[in-house]
Structure formats: structure tokens, C-alpha cells
2 protein chains.
Amino acid sequence: MPITQKGLEQIGVQKGQNFNAVNVGALEHLDAYKAVHPKLAREVRGKLFLKDLLDLTGMQLSMNKLPAGISVPFYHQHSENEELYIFIKGKGQMQIDGQNIDVEEGSLVRIATKGTRCWRNNSTEDLYYIVIQAKENSLRQDTFEDGVPVDQEVKW
Amino acid sequence: MPITQKGLEQIGVQKGQNFNAVNVGALEHLDAYKAVHPKLAREVRGKLFLKDLLDLTGMQLSMNKLPAGISVPFYHQHSENEELYIFIKGKGQMQIDGQNIDVEEGSLVRIATKGTRCWRNNSTEDLYYIVIQAKENSLRQDTFEDGVPVDQEVKW
């Protein structure tokens with residue numbers, strides 16, 4: 001079931017042979033974007049999926065702004081993807097398998113496929129977070145093992 | 001070559017059967033963390049790799065703070081991982097295959113393995129960004145295809 005994402009027409013994409021770059025604007029304006037949830041048949045304001053625009057092949061990500069007092073209205077699990085939630089501004093709570101965790105700027109939460117998850121903004125200010133999903137157990141090596149230095153002086 | 005990450009001892013980890021949660025503190029304090037680069041044999045202040053602490057299996061991520069006026073001193077490519085750079089505060093530039101791109105809050109850049117990349121903070125304020133790496137072409141399905149709704153009323 002494909003995602004319908006509203007608001008993409010306002011985002012410019014720069015493409016090169018080896019990259020895609022976008023600018024989605026200041027985080028406070030994320031509510032200009034809406035994702036249409038096909039199973040719930042409703043629009044989610046402040047949720048921006050970017051895999052397609054960035055031509056990502058190893059992960060999906062969404063940029064999110066959740067207003068004060070709002071809870072996600074359902075629990076969900078995943079089939080084969082692990083999720084990572086990165087909270088960058090504001091305060092809220094996640095609930096995983098019935099356990100509540102306070103989150104705020106600087107909180108990061110990994111959830112395995114089977115985790116039953118929900119989250120809310122139980123504060124009086126907007127909550128900002130990024131969600132990444134990648135296939136569980138798909139990473140074979142990382143960082144300094146996977147990185148290859150290029151023998152060339154940096155010039156700007 | 002394993003990463004040596006300094007400053008982890010100040011981070012508490014909450015673990016459940018299906019999750020790991022950490023709080024690394026306010027973003028402005030990211031420079032309390034240092035990653036030791038084994039190939040350059042030097043410490044990089046304000047770079048915090050979190051895969052091991054979060055038990056991530058499909059991605060690596062780092063949380064980053066780069067001071068005003070600083071450029072990464074080398075170019076690099078990757079062997080099998082795609083990278084995603086998410087800029088969340090401040091201004092700077094990325095250079096990919098010789099092309100300069102201005103970045104700021106709300107900029108996201110995907111780079112394929114072969115892209116020769118570098119970045120700098122050419123502004124007068126700190127630059128904050130998140131880097132994710134995942135295996136290229138490893139994602140098979142995402143979001144509403146991979147997500148599984150749980151038929152249970154949300155209770156907080």
C-alpha cells in the first residue's frame with residue numbers, strides 16, 4: 001500500500017550522480033505536510049515521509065511534529081523492520097509492550113519488530129522527532145569498517 | 001576496526017524485551033562525547049555513535065555537533081552502506097563529488113556508497129546533525145506495508 005504524502009510539491013530536490021538533497025524547511029513548519037494513512041483512511045498532519053524523494057534504498061524516514069496533548073490513536077508492530085525514534089525537541093512519552101518511557105530532546109529509542117508501540121505528547125509544547133526504519137539484522141559493517149578514506153586534499 | 005566512544009558512561013540505558021532507550025542529554029551538550037577515529041588516531045569531539053548502546057541491527061547512527069568554522073579534514077566514501085545526513089540546527093555546507101550544497105535546519109542529504117563526501121560549518125554558530133547508515137538496497141518494504149496494526153485500545 002503506497003504512502004500518499006501531501007505537501008511534497010513545495011520541496012526542491014537537488015540530484016547528483018551519487019546524492020539527493022532536499023530542504024523541507026524549518027522544523028516548526030512541518031505541519032504543512034500531511035501523510036495519508038491508507039489503513040485508517042485519515043490524514044496525519046505534521047508527518048513527512050522522505051524515502052521516495054531522497055531515493056533511499058536502505059531505510060525509510062519520517063520527520064514529525066506532534067502537537068501538545070495528542071496521542072497516536074493506535075498501537076502497531078512491524079513485520080521485518082526495526083525502528084529508531086530520535087526525539088529532538090519537546091517532551092512526551094512512548095509506550096512499548098505496556099511500559100511507559102519519558103522522552104525529550106536527546107532521547108533515542110530502538111524498537112524491535114515485535115514491540116507493541118504507541119507514543120504521545122503529554123506536554124504543553126510541540127514534540128519533534130525523527131523515525132527511521134531499516135530491515136532488522138541487515139547491517140553487516142559500519143562506520144570505520146565500511147568507510148573508505150579518499151586520498152585527496154579537502155578543498156572548498 | 002571497532003569504534004572507541006568516550007562519554008558513554010554518563011548515559012543510562014533502559015532495556016525491555018523489544019526495546020532499548022537512552023537519553024544523551026540536550027543537543028548543545030553533545031560535545032561532552034568524543035569518538036576515537038582509529039585510522040586518523042585522533043579524537044572527534046561532539047560525535048556520538050549509538051548503535052552498540054541501542055543494540056541496533058539494521059543501522060548505525062551518530063549524533064553530531066560541529067563548531068563554527070570547522071571542516072571535516074578528509075573525504076570519504078563507503079563500501080556497502082548508504083548514508084543519510086539530517087541537519088537539525090545551524091548552517092553549513094556539504095561537498096559531494098566536488099559539488100557544494102548549502103545545508104541548514106531541515107536539510108536532508110542521501111549519499112550513495114561511491115559519493116566522495118565532506119562537510120563543514122562555515123557559519124558563526126554550532127551546526128547539529130544526525131548521520132544514519134544502512135546497507136544499500138537492503139529495505140524490502142516500509143511503513144504501512146511493514147507496519148502491523150494491533151487490535152487493542154490505547155491506554156495510558
# chains A, B, ... in the order shown; residues from 1 in each chain; ligands from 1
call {"tool": "residues_around", "arguments": {"residues": "Ile132 in chain B", "least_positions_apart": "5", "cutoff": "12 Å", "atoms": "only C-alpha atoms", "output": "NGL selection string"}}
result
(:A and (56 or 58-61 or 84 or 86 or 130-134 or 139 or 142-143)) or (:B and (48-51 or 56 or 58-64 or 81-87 or 108-111))
call {"tool": "closest_atom_pairs", "arguments": {"of": "chain B", "to": "chain A", "cutoff": "6 Å", "atoms": "only C-alpha atoms", "output": "JSON lines"}}
result
{"residue": "B:Met1", "atom": "CA", "partner": "A:Glu145", "partner_atom": "CA", "distance": 5.9}
{"residue": "B:Asn18", "atom": "CA", "partner": "A:Ala112", "partner_atom": "CA", "distance": 5.0}
{"residue": "B:Phe19", "atom": "CA", "partner": "A:Ile111", "partner_atom": "CA", "distance": 4.5}
{"residue": "B:Asn20", "atom": "CA", "partner": "A:Arg110", "partner_atom": "CA", "distance": 5.3}
{"residue": "B:Ala21", "atom": "CA", "partner": "A:Val109", "partner_atom": "CA", "distance": 4.3}
{"residue": "B:Val22", "atom": "CA", "partner": "A:Leu108", "partner_atom": "CA", "distance": 5.4}
{"residue": "B:Asn23", "atom": "CA", "partner": "A:Ser107", "partner_atom": "CA", "distance": 4.2}
{"residue": "B:Val24", "atom": "CA", "partner": "A:Gly106", "partner_atom": "CA", "distance": 5.1}
{"residue": "B:Gly25", "atom": "CA", "partner": "A:Gly106", "partner_atom": "CA", "distance": 4.9}
{"residue": "B:Ala26", "atom": "CA", "partner": "A:Gly106", "partner_atom": "CA", "distance": 5.4}
{"residue": "B:Thr57", "atom": "CA", "partner": "A:Asn137", "partner_atom": "CA", "distance": 4.5}
{"residue": "B:Gly58", "atom": "CA", "partner": "A:Leu139", "partner_atom": "CA", "distance": 4.7}
{"residue": "B:Met59", "atom": "CA", "partner": "A:Leu139", "partner_atom": "CA", "distance": 5.9}
{"residue": "B:Phe74", "atom": "CA", "partner": "A:Val154", "partner_atom": "CA", "distance": 5.9}
{"residue": "B:Tyr75", "atom": "CA", "partner": "A:Val150", "partner_atom": "CA", "distance": 5.3}
{"residue": "B:His76", "atom": "CA", "partner": "A:Pro149", "partner_atom": "CA", "distance": 4.4}
{"residue": "B:Gln77", "atom": "CA", "partner": "A:Val148", "partner_atom": "CA", "distance": 5.0}
{"residue": "B:His78", "atom": "CA", "partner": "A:Gly147", "partner_atom": "CA", "distance": 4.4}
{"residue": "B:Ser79", "atom": "CA", "partner": "A:Asp146", "partner_atom": "CA", "distance": 5.2}
{"residue": "B:Glu105", "atom": "CA", "partner": "A:Ala26", "partner_atom": "CA", "distance": 5.8}
{"residue": "B:Gly106", "atom": "CA", "partner": "A:Gly25", "partner_atom": "CA", "distance": 4.9}
{"residue": "B:Ser107", "atom": "CA", "partner": "A:Asn23", "partner_atom": "CA", "distance": 4.2}
{"residue": "B:Leu108", "atom": "CA", "partner": "A:Val22", "partner_atom": "CA", "distance": 5.4}
{"residue": "B:Val109", "atom": "CA", "partner": "A:Ala21", "partner_atom": "CA", "distance": 4.3}
{"residue": "B:Arg110", "atom": "CA", "partner": "A:Asn20", "partner_atom": "CA", "distance": 5.3}
{"residue": "B:Ile111", "atom": "CA", "partner": "A:Phe19", "partner_atom": "CA", "distance": 4.5}
{"residue": "B:Ala112", "atom": "CA", "partner": "A:Asn18", "partner_atom": "CA", "distance": 5.0}
{"residue": "B:Gly115", "atom": "CA", "partner": "A:Asn18", "partner_atom": "CA", "distance": 5.1}
{"residue": "B:Ala134", "atom": "CA", "partner": "A:Gly58", "partner_atom": "CA", "distance": 5.2}
{"residue": "B:Lys135", "atom": "CA", "partner": "A:Gly58", "partner_atom": "CA", "distance": 5.4}
{"residue": "B:Glu136", "atom": "CA", "partner": "A:Gly58", "partner_atom": "CA", "distance": 4.9}
{"residue": "B:Asn137", "atom": "CA", "partner": "A:Thr57", "partner_atom": "CA", "distance": 4.5}
{"residue": "B:Ser138", "atom": "CA", "partner": "A:Gly58", "partner_atom": "CA", "distance": 4.8}
{"residue": "B:Leu139", "atom": "CA", "partner": "A:Gly58", "partner_atom": "CA", "distance": 4.7}
{"residue": "B:Glu145", "atom": "CA", "partner": "A:Met1", "partner_atom": "CA", "distance": 5.9}
{"residue": "B:Asp146", "atom": "CA", "partner": "A:Ser79", "partner_atom": "CA", "distance": 5.2}
{"residue": "B:Gly147", "atom": "CA", "partner": "A:His78", "partner_atom": "CA", "distance": 4.4}
{"residue": "B:Val148", "atom": "CA", "partner": "A:Gln77", "partner_atom": "CA", "distance": 5.0}
{"residue": "B:Pro149", "atom": "CA", "partner": "A:His76", "partner_atom": "CA", "distance": 4.4}
{"residue": "B:Val150", "atom": "CA", "partner": "A:His76", "partner_atom": "CA", "distance": 5.1}
{"residue": "B:Val154", "atom": "CA", "partner": "A:Phe74", "partner_atom": "CA", "distance": 5.9}
call {"tool": "atom_distance", "arguments": {"atom1": "CA of Arg42 in chain A", "atom2": "CA of Glu125 in chain A"}}
result
23.7 Å
call {"tool": "atom_distance", "arguments": {"atom1": "CA of Asn121 in chain B", "atom2": "CA of Tyr129 in chain A"}}
result
23.3 Å
call {"tool": "residues_around", "arguments": {"residues": "Lys6 in chain B", "least_positions_apart": "6", "cutoff": "9 Å", "atoms": "only C-alpha atoms", "output": "ChimeraX atom specification"}}
result
/B:32-36,48
call {"tool": "write_last_selection", "arguments": {"atoms": "N, CA and C atoms", "output": "PDB file, in the first residue's frame"}}
result
ATOM      1  N   ALA B  32      30.290  16.831  24.915  1.00  0.00           N
ATOM      2  CA  ALA B  32      30.821  16.030  26.029  1.00  0.00           C
ATOM      3  C   ALA B  32      31.270  14.645  25.534  1.00  0.00           C
ATOM      4  N   TYR B  33      30.822  14.258  24.320  1.00  0.00           N
ATOM      5  CA  TYR B  33      31.162  12.941  23.774  1.00  0.00           C
ATOM      6  C   TYR B  33      32.269  13.061  22.729  1.00  0.00           C
ATOM      7  N   LYS B  34      33.137  12.056  22.697  1.00  0.00           N
ATOM      8  CA  LYS B  34      34.206  12.036  21.692  1.00  0.00           C
ATOM      9  C   LYS B  34      34.300  10.644  21.087  1.00  0.00           C
ATOM     10  N   ALA B  35      34.404  10.601  19.765  1.00  0.00           N
ATOM     11  CA  ALA B  35      34.652   9.334  19.079  1.00  0.00           C
ATOM     12  C   ALA B  35      36.122   9.296  18.698  1.00  0.00           C
ATOM     13  N   VAL B  36      36.752   8.140  18.914  1.00  0.00           N
ATOM     14  CA  VAL B  36      38.157   7.994  18.553  1.00  0.00           C
ATOM     15  C   VAL B  36      38.235   7.362  17.171  1.00  0.00           C
ATOM     16  N   LEU B  48      28.845  11.211  18.518  1.00  0.00           N
ATOM     17  CA  LEU B  48      28.399  10.135  19.398  1.00  0.00           C
ATOM     18  C   LEU B  48      27.730   9.037  18.583  1.00  0.00           C
TER      19      LEU B  48
END
call {"tool": "select_by_dssp", "arguments": {"residues": "range 66-141 of chain A", "states": "strand (DSSP E or B)", "output": "number ranges by chain"}}
result
A: 66, 71, 75-78, 81-89, 91-96, 99-104, 107-111, 117-120, 127-135
call {"tool": "write_last_selection", "arguments": {"atoms": "N, CA and C atoms", "output": "compact mmCIF listing (two decimals), in the first residue's frame"}}
result
# COMPACT_ATOMS: atom_id res chain seq x y z
N LEU A 66 4.39 16.67 16.59
CA LEU A 66 3.14 16.24 17.23
C LEU A 66 2.71 17.32 18.22
N SER A 71 -2.17 12.00 21.37
CA SER A 71 -1.62 10.64 21.38
C SER A 71 -1.87 10.00 20.03
N TYR A 75 -1.93 1.21 18.49
CA TYR A 75 -0.64 0.53 18.66
C TYR A 75 -0.25 -0.10 17.34
N HIS A 76 1.06 -0.25 17.11
CA HIS A 76 1.47 -1.05 15.95
C HIS A 76 2.77 -1.79 16.23
N GLN A 77 2.96 -2.86 15.43
CA GLN A 77 4.22 -3.61 15.42
C GLN A 77 4.77 -3.55 14.00
N HIS A 78 5.87 -4.26 13.73
CA HIS A 78 6.40 -4.31 12.36
C HIS A 78 6.66 -5.75 11.95
N ASN A 81 11.05 -4.76 9.91
CA ASN A 81 11.91 -3.58 10.11
C ASN A 81 12.04 -3.19 11.58
N GLU A 82 13.25 -2.88 11.97
CA GLU A 82 13.46 -2.27 13.29
C GLU A 82 13.21 -0.78 13.14
N GLU A 83 12.74 -0.13 14.20
CA GLU A 83 12.51 1.31 14.17
C GLU A 83 13.38 2.01 15.20
N LEU A 84 13.79 3.22 14.83
CA LEU A 84 14.53 4.08 15.76
C LEU A 84 13.81 5.42 15.83
N TYR A 85 13.47 5.83 17.06
CA TYR A 85 12.83 7.13 17.30
C TYR A 85 13.88 8.06 17.91
N ILE A 86 14.07 9.22 17.28
CA ILE A 86 15.04 10.21 17.76
C ILE A 86 14.26 11.47 18.12
N PHE A 87 14.23 11.81 19.39
CA PHE A 87 13.48 12.99 19.84
C PHE A 87 14.42 14.19 19.88
N ILE A 88 14.03 15.26 19.18
CA ILE A 88 14.96 16.38 19.04
C ILE A 88 14.47 17.67 19.69
N LYS A 89 13.21 17.72 20.10
CA LYS A 89 12.71 18.92 20.78
C LYS A 89 11.38 18.59 21.44
N LYS A 91 8.77 17.35 24.81
CA LYS A 91 8.68 16.23 25.76
C LYS A 91 7.45 15.38 25.47
N GLY A 92 7.55 14.09 25.77
CA GLY A 92 6.42 13.20 25.56
C GLY A 92 6.66 11.86 26.22
N GLN A 93 5.92 10.87 25.77
CA GLN A 93 6.08 9.51 26.29
C GLN A 93 5.95 8.49 25.16
N MET A 94 6.71 7.42 25.26
CA MET A 94 6.47 6.25 24.43
C MET A 94 5.93 5.15 25.32
N GLN A 95 5.12 4.27 24.71
CA GLN A 95 4.67 3.09 25.43
C GLN A 95 5.04 1.88 24.58
N ILE A 96 5.83 0.97 25.16
CA ILE A 96 6.26 -0.23 24.43
C ILE A 96 5.93 -1.45 25.27
N GLN A 99 4.90 -0.68 28.71
CA GLN A 99 5.80 0.07 29.60
C GLN A 99 5.93 1.52 29.11
N ASN A 100 5.69 2.49 29.98
CA ASN A 100 5.80 3.90 29.61
C ASN A 100 7.23 4.43 29.83
N ILE A 101 7.72 5.19 28.87
CA ILE A 101 9.06 5.77 28.95
C ILE A 101 8.95 7.27 28.66
N ASP A 102 9.48 8.09 29.54
CA ASP A 102 9.50 9.53 29.27
C ASP A 102 10.56 9.83 28.22
N VAL A 103 10.22 10.70 27.26
CA VAL A 103 11.19 11.08 26.24
C VAL A 103 11.23 12.60 26.11
N GLU A 104 12.36 13.08 25.64
CA GLU A 104 12.57 14.52 25.46
C GLU A 104 13.75 14.71 24.52
N SER A 107 16.49 11.99 23.60
CA SER A 107 16.07 10.60 23.82
C SER A 107 16.08 9.85 22.50
N LEU A 108 16.58 8.61 22.52
CA LEU A 108 16.55 7.74 21.35
C LEU A 108 16.04 6.37 21.79
N VAL A 109 15.12 5.81 21.02
CA VAL A 109 14.51 4.54 21.37
C VAL A 109 14.52 3.61 20.16
N ARG A 110 15.19 2.45 20.31
CA ARG A 110 15.13 1.40 19.28
C ARG A 110 14.03 0.43 19.65
N ILE A 111 13.22 0.04 18.67
CA ILE A 111 12.17 -0.94 18.93
C ILE A 111 12.28 -2.07 17.92
N ARG A 117 3.90 -0.68 20.07
CA ARG A 117 4.32 0.69 20.38
C ARG A 117 3.25 1.74 20.15
N CYS A 118 3.33 2.78 20.95
CA CYS A 118 2.48 3.96 20.80
C CYS A 118 3.26 5.12 21.42
N TRP A 119 2.87 6.35 21.13
CA TRP A 119 3.54 7.49 21.74
C TRP A 119 2.60 8.67 21.79
N ARG A 120 2.93 9.63 22.66
CA ARG A 120 2.06 10.79 22.83
C ARG A 120 2.87 12.01 23.25
N LEU A 127 6.06 18.54 20.10
CA LEU A 127 7.08 17.49 20.20
C LEU A 127 7.62 17.20 18.79
N TYR A 128 8.95 17.20 18.63
CA TYR A 128 9.58 16.97 17.33
C TYR A 128 10.43 15.70 17.40
N TYR A 129 10.28 14.85 16.38
CA TYR A 129 11.05 13.61 16.38
C TYR A 129 11.19 13.08 14.96
N ILE A 130 12.19 12.20 14.83
CA ILE A 130 12.50 11.57 13.55
C ILE A 130 12.34 10.07 13.75
N VAL A 131 11.72 9.40 12.81
CA VAL A 131 11.60 7.93 12.89
C VAL A 131 12.30 7.33 11.68
N ILE A 132 13.19 6.36 11.95
CA ILE A 132 13.88 5.65 10.88
C ILE A 132 13.49 4.20 10.95
N GLN A 133 13.27 3.57 9.81
CA GLN A 133 13.12 2.11 9.83
C GLN A 133 14.09 1.48 8.85
N ALA A 134 14.68 0.36 9.27
CA ALA A 134 15.63 -0.40 8.44
C ALA A 134 15.40 -1.87 8.74
N LYS A 135 15.77 -2.71 7.79
CA LYS A 135 15.49 -4.15 7.96
C LYS A 135 16.34 -4.70 9.11
call {"tool": "select_by_dssp", "arguments": {"residues": "range 8-132 of chain B", "states": "alpha helix (DSSP H)", "output": "list of chain:residue names"}}
result
B:Lys51, B:Asp52, B:Leu53, B:Leu54
call {"tool": "atom_distance", "arguments": {"atom1": "CA of Asp52 in chain A", "atom2": "CA of Lys65 in chain A"}}
result
19.8 Å
